[in-house]
Structures are given as C-alpha cells and as structure tokens.
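Asks: Data file structure23.txt (compact mmCIF, N, CA and C atoms) is appended below.
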```
# COMPACT_ATOMS: atom_id res chain seq x y z
N MET A 8 113.08 135.95 92.92
CA MET A 8 111.76 135.68 93.46
C MET A 8 111.28 134.33 92.94
N LYS A 9 110.85 133.45 93.84
CA LYS A 9 110.31 132.15 93.45
C LYS A 9 108.81 132.25 93.27
N LEU A 10 108.33 131.70 92.19
CA LEU A 10 106.90 131.64 91.95
C LEU A 10 106.43 130.21 92.15
N ARG A 11 105.42 130.02 92.96
CA ARG A 11 104.89 128.68 93.18
C ARG A 11 103.77 128.41 92.19
N SER A 12 103.82 127.24 91.61
CA SER A 12 102.79 126.82 90.67
C SER A 12 102.19 125.53 91.20
N TYR A 13 100.93 125.56 91.57
CA TYR A 13 100.28 124.39 92.17
C TYR A 13 99.56 123.57 91.11
N GLY A 14 100.27 123.12 90.13
CA GLY A 14 99.72 122.28 89.08
C GLY A 14 99.80 120.81 89.46
N THR A 15 99.59 119.94 88.49
CA THR A 15 99.59 118.51 88.74
C THR A 15 100.92 117.85 88.43
N MET A 16 101.86 118.57 87.88
CA MET A 16 103.16 117.99 87.55
C MET A 16 103.99 117.81 88.82
N ALA A 17 104.83 116.79 88.85
CA ALA A 17 105.63 116.49 90.04
C ALA A 17 106.83 117.43 90.15
N VAL A 18 107.10 117.84 91.37
CA VAL A 18 108.28 118.64 91.67
C VAL A 18 108.90 118.08 92.94
N ASP A 19 110.15 118.39 93.18
CA ASP A 19 110.82 117.85 94.36
C ASP A 19 110.70 118.75 95.59
N TRP A 20 110.16 119.93 95.47
CA TRP A 20 110.14 120.85 96.59
C TRP A 20 108.78 121.00 97.27
N GLU A 21 107.76 120.30 96.79
CA GLU A 21 106.47 120.30 97.47
C GLU A 21 105.66 119.08 97.07
N GLN A 22 104.74 118.70 97.92
CA GLN A 22 103.87 117.58 97.60
C GLN A 22 102.62 118.12 96.93
N ARG A 23 102.30 117.56 95.80
CA ARG A 23 101.12 118.02 95.07
C ARG A 23 99.98 117.04 95.24
N VAL A 24 99.13 116.90 94.27
CA VAL A 24 97.94 116.05 94.38
C VAL A 24 98.36 114.59 94.54
N ASP A 25 97.87 113.96 95.60
CA ASP A 25 98.14 112.55 95.85
C ASP A 25 96.91 111.76 95.38
N TYR A 26 96.94 111.32 94.14
CA TYR A 26 95.77 110.67 93.54
C TYR A 26 95.45 109.34 94.20
N GLU A 27 96.44 108.61 94.62
CA GLU A 27 96.18 107.33 95.29
C GLU A 27 95.44 107.55 96.60
N ARG A 28 95.81 108.59 97.35
CA ARG A 28 95.11 108.91 98.59
C ARG A 28 93.67 109.32 98.30
N LEU A 29 93.46 110.09 97.25
CA LEU A 29 92.09 110.50 96.88
C LEU A 29 91.24 109.28 96.57
N ARG A 30 91.76 108.36 95.75
CA ARG A 30 91.00 107.15 95.40
C ARG A 30 90.68 106.33 96.65
N THR A 31 91.67 106.13 97.49
CA THR A 31 91.49 105.31 98.69
C THR A 31 90.47 105.93 99.64
N GLU A 32 90.58 107.23 99.88
CA GLU A 32 89.67 107.89 100.81
C GLU A 32 88.25 107.97 100.28
N ARG A 33 88.09 108.20 98.99
CA ARG A 33 86.74 108.26 98.41
C ARG A 33 86.05 106.91 98.51
N LEU A 34 86.74 105.85 98.16
CA LEU A 34 86.15 104.52 98.23
C LEU A 34 85.84 104.14 99.67
N ALA A 35 86.74 104.46 100.60
CA ALA A 35 86.51 104.16 102.02
C ALA A 35 85.30 104.93 102.54
N ARG A 36 85.15 106.18 102.11
CA ARG A 36 84.01 107.00 102.53
C ARG A 36 82.69 106.39 102.07
N ILE A 37 82.65 105.94 100.82
CA ILE A 37 81.43 105.33 100.28
C ILE A 37 81.12 104.02 101.00
N LYS A 38 82.14 103.19 101.22
CA LYS A 38 81.94 101.91 101.91
C LYS A 38 81.43 102.12 103.33
N LYS A 39 81.97 103.13 104.01
CA LYS A 39 81.53 103.44 105.38
C LYS A 39 80.07 103.88 105.38
N MET A 40 79.70 104.74 104.44
CA MET A 40 78.33 105.22 104.37
C MET A 40 77.36 104.08 104.05
N LEU A 41 77.78 103.16 103.19
CA LEU A 41 76.93 102.00 102.88
C LEU A 41 76.74 101.11 104.10
N LYS A 42 77.80 100.90 104.85
CA LYS A 42 77.73 100.05 106.04
C LYS A 42 76.81 100.66 107.09
N GLU A 43 76.83 101.99 107.21
CA GLU A 43 76.01 102.69 108.20
C GLU A 43 74.55 102.81 107.77
N SER A 44 74.27 102.63 106.50
CA SER A 44 72.90 102.78 105.99
C SER A 44 72.17 101.44 106.01
N GLU A 45 70.91 101.49 105.61
CA GLU A 45 70.10 100.27 105.54
C GLU A 45 70.11 99.65 104.15
N ILE A 46 70.76 100.28 103.20
CA ILE A 46 70.79 99.74 101.85
C ILE A 46 71.98 98.80 101.68
N GLY A 47 71.86 97.85 100.78
CA GLY A 47 72.90 96.84 100.62
C GLY A 47 73.88 97.15 99.51
N SER A 48 73.49 98.01 98.58
CA SER A 48 74.38 98.31 97.47
C SER A 48 74.07 99.69 96.92
N LEU A 49 74.92 100.12 96.01
CA LEU A 49 74.78 101.44 95.41
C LEU A 49 74.89 101.28 93.90
N LEU A 50 73.91 101.76 93.19
CA LEU A 50 73.91 101.68 91.74
C LEU A 50 73.95 103.11 91.20
N CYS A 51 75.03 103.45 90.52
CA CYS A 51 75.22 104.80 90.01
C CYS A 51 75.04 104.84 88.50
N PHE A 52 74.26 105.79 88.02
CA PHE A 52 74.06 105.99 86.59
C PHE A 52 74.77 107.24 86.09
N ASP A 53 74.98 108.19 86.97
CA ASP A 53 75.61 109.45 86.59
C ASP A 53 77.12 109.23 86.45
N MET A 54 77.67 109.60 85.30
CA MET A 54 79.10 109.39 85.03
C MET A 54 79.98 110.12 86.05
N VAL A 55 79.52 111.26 86.54
CA VAL A 55 80.30 112.01 87.52
C VAL A 55 80.42 111.21 88.82
N ASN A 56 79.32 110.59 89.26
CA ASN A 56 79.35 109.78 90.47
C ASN A 56 80.22 108.54 90.29
N ILE A 57 80.12 107.90 89.14
CA ILE A 57 80.92 106.71 88.87
C ILE A 57 82.40 107.07 88.91
N ARG A 58 82.77 108.16 88.29
CA ARG A 58 84.17 108.57 88.28
C ARG A 58 84.65 108.94 89.67
N TYR A 59 83.82 109.62 90.46
CA TYR A 59 84.20 110.01 91.81
C TYR A 59 84.45 108.80 92.70
N ILE A 60 83.55 107.83 92.64
CA ILE A 60 83.64 106.67 93.53
C ILE A 60 84.73 105.70 93.09
N THR A 61 84.80 105.40 91.81
CA THR A 61 85.67 104.32 91.34
C THR A 61 86.89 104.78 90.57
N ASN A 62 86.97 106.05 90.22
CA ASN A 62 88.03 106.58 89.38
C ASN A 62 88.05 105.88 88.02
N THR A 63 86.87 105.52 87.55
CA THR A 63 86.73 104.86 86.26
C THR A 63 86.06 105.82 85.29
N THR A 64 86.64 106.00 84.13
CA THR A 64 86.05 106.83 83.10
C THR A 64 85.44 105.92 82.05
N ILE A 65 84.18 106.12 81.74
CA ILE A 65 83.47 105.28 80.79
C ILE A 65 83.29 106.05 79.48
N GLY A 66 84.27 106.76 79.06
CA GLY A 66 84.18 107.50 77.81
C GLY A 66 83.41 108.79 77.96
N ASP A 67 83.25 109.48 76.85
CA ASP A 67 82.59 110.78 76.86
C ASP A 67 81.14 110.71 76.40
N VAL A 68 80.61 109.53 76.14
CA VAL A 68 79.25 109.39 75.63
C VAL A 68 78.22 109.94 76.60
N GLY A 69 78.36 109.64 77.88
CA GLY A 69 77.35 110.05 78.85
C GLY A 69 77.64 111.34 79.57
N ARG A 70 78.69 112.01 79.22
CA ARG A 70 79.04 113.24 79.91
C ARG A 70 78.08 114.37 79.60
N ARG A 71 77.95 115.29 80.55
CA ARG A 71 77.08 116.45 80.36
C ARG A 71 77.78 117.48 79.55
```
Show me this structure written as structure tokens.
Replies:
Amino acid sequence: MKLRSYGTMAVDWEQRVDYERLRTERLARIKKMLKESEIGSLLCFDMVNIRYITNTTIGDVGRR
C-alpha cells in the first residue's frame, strides 16, 4: 500500500508546492489590483501582508 504525503519535500512522482508560481501570481495579482484602482501605490505595515506580496521576511520582531 502506498501512502501519499503532501509535504514540501521534493519527490519524483508528484508535483508539490510551486513556490515560484506562488510568488509570481501573488505579485501579478497585487499589480493588477493597483492598476485597476485609483491609488498609485501600496504601503504595507503588517508583516503578514509584506510576506504575502513580496515573499520577504523582515525577521520576527513584528510578528504577532
């Protein structure tokens, strides 16, 4: 019996999390929403939003 484990480690028999696709799609989504809105820029203070949009971690100082 084969057990499937959907973790983050790479395997040759299935495609797992594609982090590059996640980064590209998230940034494209934000850019599209900015273009469609009347605002010219986005300023994020929440570490969760910064990490989601840019995939940048600014340490654990500001985390909840």
Asks: Near Thr63 of chain A, counting all atoms listed in the file, which residues have an atom at most 8 Å away, once you skip same-chain residues fewer than 6 positions from it, shown as a list in words?
Replies: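 Contacts, with the query itself left out: Met54, Asn56 and Ile57 of chain A.
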Asks: Can you measure atom C of Thr61 of chain A to atom CA of Arg30 of chain A for me? One decimal in Å is fine.
Replies: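 Rounded to one decimal, the two atoms are 6.8 Å apart.
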Asks: Grab the atom C of Leu49 of chain A to atom N of Glu27 of chain A distance for me, in Å with one decimal place.
Replies: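 Interatomic distance here is 22.8 Å.
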Asks: Could you jot down the atom CA of Arg33 of chain A to atom CA of Tyr59 of chain A separation for me, Å, one decimal place?
Replies: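 Interatomic distance here is 7.3 Å.
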Asks: What box, with edges along x, y and z, holds each listed atom of segment 40-44 of chain A when 5 Å is added on every side, and can you state its centre and edge lengths in Å to one decimal, as lines of an AutoDock Vina configuration file?
Replies:
```
center_x = 75.9
center_y = 102.6
center_z = 105.5
size_x = 17.5
size_y = 15.2
size_z = 15.3
```
